[in-house]
Amino acid sequence: MPPGVLLAYDPDSVALARACRDLATDMPITQLPHEGLPRQLAADAYGAIVYCGDLRNIATARAVRAHSSAVAGTCRLYFGLTRFDHWARTQAFAFGASGVHAVTCGKDLRALVSKVRYGFSPETADSGEQFHGIFALGQQGNRLRADMVEAAGETVIDEIESIGIGEWLKRVREHHQGTYQHCMTVTGLAARYGGLLGFSHRDQKHLTEAALLHDIGKAFIPLAILDKPGRLDMNEVEIIRAHPVEGHRYLEDLAQCDPMVLESVLRHHELLDGSGYPDGRSAGQISDLTRLITICDIYSAMIEQRSYKVSHTPAAAIAELEAMAGAGKLDRALVRAFGRLEAELA
Ligand SMILES: [Fe+2]
Ligand SMILES: [Fe+2]
């Protein structure tokens, strides 16, 4: 076995423990959660770590969280999940997984280890799973990692380049609901909008990352309020309106978070005529990046289907954006450019 892959497994699963011990003849293994971090980890001895176990087991999840945050950024992380449901997959991506795999027997585990060992990616996350992972980190009060955001942004750009924004939005509508659907929609629109405006890949990535994170402050608001099927009362509106400030506060702690992205998170509900929130900032105080996010955000809210409102068609939503631009709330030139996407969005 070439050096570089560590298998960390949950010994409570008897069948897997036997398979793991078999693998121990030619690769390093360690137990979760009964052993601490292997000393070699400090020396960045591994290119990849395969975690194997049930993340619904609290002790296992706690051990994996400690382990994965200690090695964050130094190696790739893969998860062999004995319970392969949506929650566990989201959890794995929140811990920084590059790939996840269902493992129900020793054979599955050996297949997973072989893939990692020979450099084949065992099922990488789609953008939705990556986003869920990012949101879950916020909800759990854990620190977000810049490389996770970057990877999720790249995935969105790649997916849209390969299937187009129309098909991408259709899939988002089918697979996500409420707040998740909104954030994914804004992100896809931003990625495509950046491409339309001829942004460099770097700037397009920036815009996409800002979109991914624009509502991260909502991770601190109960889903019962966020995804409430009816209209919100005054108190609930006030709680929701705190999300730009909450998101900004959360991301300020994140090393390497670009100041432009931070500004967009805080200012994406400001309008050029000063009628937005949280601070009623006006044109000269709102960056171009934020203006772009705001347009995608408002468009997205208009086309989303909710039980308490009628959703706009793409043409009607663009007409509404134009009306807002005419009233001095949005940037006219940027709204005009966004309108060129209409045929792709219909
Ligand atoms: Fe927002
Ligand atoms: Fe939003």
# chains A, B, ... in the order shown; residues from 1 in each chain; ligands from 1

call {"tool": "select_by_dssp", "arguments": {"residues": "region 67-315 of chain A", "states": "helix (DSSP H, G or I)", "output": "PyMOL selection string"}}
result
chain A and resi 67-70+86-94+106-117+127-139+146-163+165-175+178-196+201-213+216-220+223-226+234-240+243-252+259-267+283-285+288-303+314-315

call {"tool": "residues_near_ligand", "arguments": {"ligand": "ligand 1", "cutoff": "9 Å", "atoms": "only C-alpha atoms and all ligand atoms", "output": "number ranges by chain"}}
result
A: 183, 214-218, 240-241, 243-244, 265-269, 294, 297

call {"tool": "residues_around", "arguments": {"residues": "Ala224 (chain A)", "least_positions_apart": "4", "cutoff": "12 Å", "atoms": "only C-alpha atoms", "output": "PyMOL selection string"}}
result
chain A and resi 178-179+218-220+228-230+232+236+240

call {"tool": "write_last_selection", "arguments": {"atoms": "C-alpha atoms", "output": "PDB file, in the first residue's frame"}}
result
ATOM      1  CA  GLY A 178     -37.645  27.019   0.882  1.00  0.00           C
ATOM      2  CA  THR A 179     -34.474  28.736   1.986  1.00  0.00           C
ATOM      3  CA  LYS A 218     -30.432  32.725   7.941  1.00  0.00           C
ATOM      4  CA  ALA A 219     -28.632  29.690   9.334  1.00  0.00           C
ATOM      5  CA  PHE A 220     -29.133  31.342  12.724  1.00  0.00           C
ATOM      6  CA  LYS A 228     -43.169  29.290   7.386  1.00  0.00           C
ATOM      7  CA  PRO A 229     -45.863  28.496   4.849  1.00  0.00           C
ATOM      8  CA  GLY A 230     -47.912  31.661   5.547  1.00  0.00           C
ATOM      9  CA  LEU A 232     -44.808  36.437   8.661  1.00  0.00           C
ATOM     10  CA  GLU A 236     -40.876  37.388  12.628  1.00  0.00           C
ATOM     11  CA  ILE A 240     -35.494  37.668   9.518  1.00  0.00           C
TER      12      ILE A 240
END

call {"tool": "atom_distance", "arguments": {"atom1": "CA of Gln139 (chain A)", "atom2": "CA of Tyr180 (chain A)"}}
result
12.9 Å

call {"tool": "residues_around", "arguments": {"residues": "Ile295 (chain A)", "least_positions_apart": "3", "cutoff": "8 Å", "atoms": "only C-alpha atoms", "output": "PyMOL selection string"}}
result
chain A and resi 291-292+298-299+321+330+335

call {"tool": "closest_residue", "arguments": {"among": "A:Ala191, A:Leu196, A:Met184, A:Ala8", "to": "ligand 2", "atoms": "only C-alpha atoms and all ligand atoms"}}
result
A:Met184

call {"tool": "residues_around", "arguments": {"residues": "Val5 (chain A)", "least_positions_apart": "4", "cutoff": "7 Å", "atoms": "only C-alpha atoms", "output": "list in words"}}
result
Tyr46, Gly47, Ala48, Ile49 and Arg117 of chain A

call {"tool": "write_last_selection", "arguments": {"atoms": "C-alpha atoms", "output": "compact mmCIF listing (two decimals), in the first residue's frame"}}
result
# COMPACT_ATOMS: atom_id res chain seq x y z
CA TYR A 46 -1.56 11.45 4.93
CA GLY A 47 -2.85 12.58 1.60
CA ALA A 48 -6.30 11.26 2.40
CA ILE A 49 -8.31 9.99 5.34
CA ARG A 117 -5.91 4.84 -2.82

call {"tool": "residues_around", "arguments": {"residues": "Leu16 (chain A)", "least_positions_apart": "4", "cutoff": "7 Å", "atoms": "only C-alpha atoms", "output": "VMD selection string"}}
result
chain A and resid 20 105 to 106

call {"tool": "write_last_selection", "arguments": {"atoms": "N, CA and C atoms", "output": "compact mmCIF listing (two decimals), in the first residue's frame"}}
result
# COMPACT_ATOMS: atom_id res chain seq x y z
N CYS A 20 -12.00 -3.74 8.59
CA CYS A 20 -10.95 -2.74 8.81
C CYS A 20 -9.67 -3.42 9.29
N CYS A 105 -20.99 -3.24 4.05
CA CYS A 105 -20.26 -4.49 4.32
C CYS A 105 -18.77 -4.26 4.03
N GLY A 106 -17.98 -5.25 4.37
CA GLY A 106 -16.54 -5.15 4.17
C GLY A 106 -16.16 -4.92 2.72

call {"tool": "residues_around", "arguments": {"residues": "Asp54 (chain A)", "least_positions_apart": "3", "cutoff": "8 Å", "atoms": "only C-alpha atoms", "output": "ChimeraX atom specification"}}
result
/A:10,57,60-61,81-83,88

call {"tool": "write_last_selection", "arguments": {"atoms": "N, CA and C atoms", "output": "PDB file, in the first residue's frame"}}
result
ATOM      1  N   ASP A  10     -15.169   3.292  13.017  1.00  0.00           N
ATOM      2  CA  ASP A  10     -15.938   3.170  14.248  1.00  0.00           C
ATOM      3  C   ASP A  10     -15.975   1.689  14.640  1.00  0.00           C
ATOM      4  N   ASN A  57     -24.424   8.358  15.096  1.00  0.00           N
ATOM      5  CA  ASN A  57     -23.927   7.992  16.417  1.00  0.00           C
ATOM      6  C   ASN A  57     -23.177   9.213  16.979  1.00  0.00           C
ATOM      7  N   THR A  60     -19.429   9.004  17.573  1.00  0.00           N
ATOM      8  CA  THR A  60     -18.675   8.933  16.316  1.00  0.00           C
ATOM      9  C   THR A  60     -18.619  10.310  15.658  1.00  0.00           C
ATOM     10  N   ALA A  61     -19.775  10.980  15.590  1.00  0.00           N
ATOM     11  CA  ALA A  61     -19.816  12.300  14.949  1.00  0.00           C
ATOM     12  C   ALA A  61     -18.891  13.273  15.678  1.00  0.00           C
ATOM     13  N   LEU A  81     -20.170   5.795   4.827  1.00  0.00           N
ATOM     14  CA  LEU A  81     -21.267   5.955   5.790  1.00  0.00           C
ATOM     15  C   LEU A  81     -22.079   4.670   5.898  1.00  0.00           C
ATOM     16  N   THR A  82     -22.193   4.162   7.119  1.00  0.00           N
ATOM     17  CA  THR A  82     -22.972   2.942   7.308  1.00  0.00           C
ATOM     18  C   THR A  82     -24.472   3.270   7.266  1.00  0.00           C
ATOM     19  N   ARG A  83     -24.819   4.520   7.574  1.00  0.00           N
ATOM     20  CA  ARG A  83     -26.206   4.968   7.361  1.00  0.00           C
ATOM     21  C   ARG A  83     -26.121   6.101   6.342  1.00  0.00           C
ATOM     22  N   ALA A  88     -26.958  12.310   6.994  1.00  0.00           N
ATOM     23  CA  ALA A  88     -25.567  11.881   7.205  1.00  0.00           C
ATOM     24  C   ALA A  88     -24.654  12.430   6.110  1.00  0.00           C
TER      25      ALA A  88
END

call {"tool": "closest_residue", "arguments": {"among": "A:Ala242, A:Leu6, A:Leu251, A:Ile165", "to": "Pro28 (chain A)", "atoms": "only C-alpha atoms"}}
result
A:Leu6

call {"tool": "atom_distance", "arguments": {"atom1": "CA of Met324 (chain A)", "atom2": "CA of Ile221 (chain A)"}}
result
28.4 Å

call {"tool": "atom_distance", "arguments": {"atom1": "CA of Val156 (chain A)", "atom2": "CA of Gly73 (chain A)"}}
result
20.9 Å

call {"tool": "select_by_dssp", "arguments": {"residues": "region 66-225 of chain A", "states": "strand (DSSP E)", "output": "CSV table (one decimal) with N, CA, C and O atoms, in the first residue's frame"}}
result
chain,number,residue,atom,x,y,z
A,76,ARG,N,-7.3,15.3,1.9
A,76,ARG,CA,-8.6,15.0,1.4
A,76,ARG,C,-9.3,14.1,2.4
A,76,ARG,O,-8.7,13.2,3.0
A,77,LEU,N,-10.6,14.3,2.6
A,77,LEU,CA,-11.4,13.5,3.5
A,77,LEU,C,-12.5,12.8,2.8
A,77,LEU,O,-13.3,13.4,2.0
A,78,TYR,N,-12.6,11.5,3.0
A,78,TYR,CA,-13.7,10.7,2.4
A,78,TYR,C,-14.5,10.0,3.5
A,78,TYR,O,-13.9,9.7,4.6
A,79,PHE,N,-15.7,9.7,3.3
A,79,PHE,CA,-16.6,9.1,4.3
A,79,PHE,C,-17.3,7.9,3.7
A,79,PHE,O,-17.9,7.9,2.7
A,80,GLY,N,-17.1,6.8,4.5
A,80,GLY,CA,-17.8,5.6,4.2
A,80,GLY,C,-18.9,5.5,5.2
A,80,GLY,O,-18.7,5.3,6.4
A,81,LEU,N,-20.2,5.8,4.8
A,81,LEU,CA,-21.3,6.0,5.8
A,81,LEU,C,-22.1,4.7,5.9
A,81,LEU,O,-22.6,4.2,4.9
A,99,GLY,N,-15.7,13.4,-0.8
A,99,GLY,CA,-16.6,12.4,-1.4
A,99,GLY,C,-17.2,11.5,-0.3
A,99,GLY,O,-16.7,11.4,0.8
A,100,VAL,N,-18.4,11.0,-0.6
A,100,VAL,CA,-19.1,10.1,0.4
A,100,VAL,C,-19.5,8.8,-0.3
A,100,VAL,O,-19.7,8.8,-1.5
A,101,HIS,N,-19.7,7.8,0.5
A,101,HIS,CA,-20.0,6.5,-0.1
A,101,HIS,C,-20.8,5.7,0.9
A,101,HIS,O,-20.5,5.7,2.0
A,102,ALA,N,-21.7,4.9,0.4
A,102,ALA,CA,-22.5,4.0,1.3
A,102,ALA,C,-21.6,2.8,1.6
A,102,ALA,O,-21.0,2.2,0.6

call {"tool": "closest_atom_pairs", "arguments": {"of": "region 202-308 of chain A", "to": "region 167-170 of chain A", "cutoff": "12 Å", "atoms": "only C-alpha atoms", "output": "tab-separated table"}}
result
residue	atom	partner	partner_atom	distance
A:Ser300	CA	A:Leu169	CA	10.3
A:Ile303	CA	A:Leu169	CA	10.9
A:Glu304	CA	A:Leu169	CA	10.7

call {"tool": "closest_residue", "arguments": {"among": "A:Ala319, A:Ala210, A:Ile58, A:Val310", "to": "ligand 2", "atoms": "only C-alpha atoms and all ligand atoms"}}
result
A:Ala210
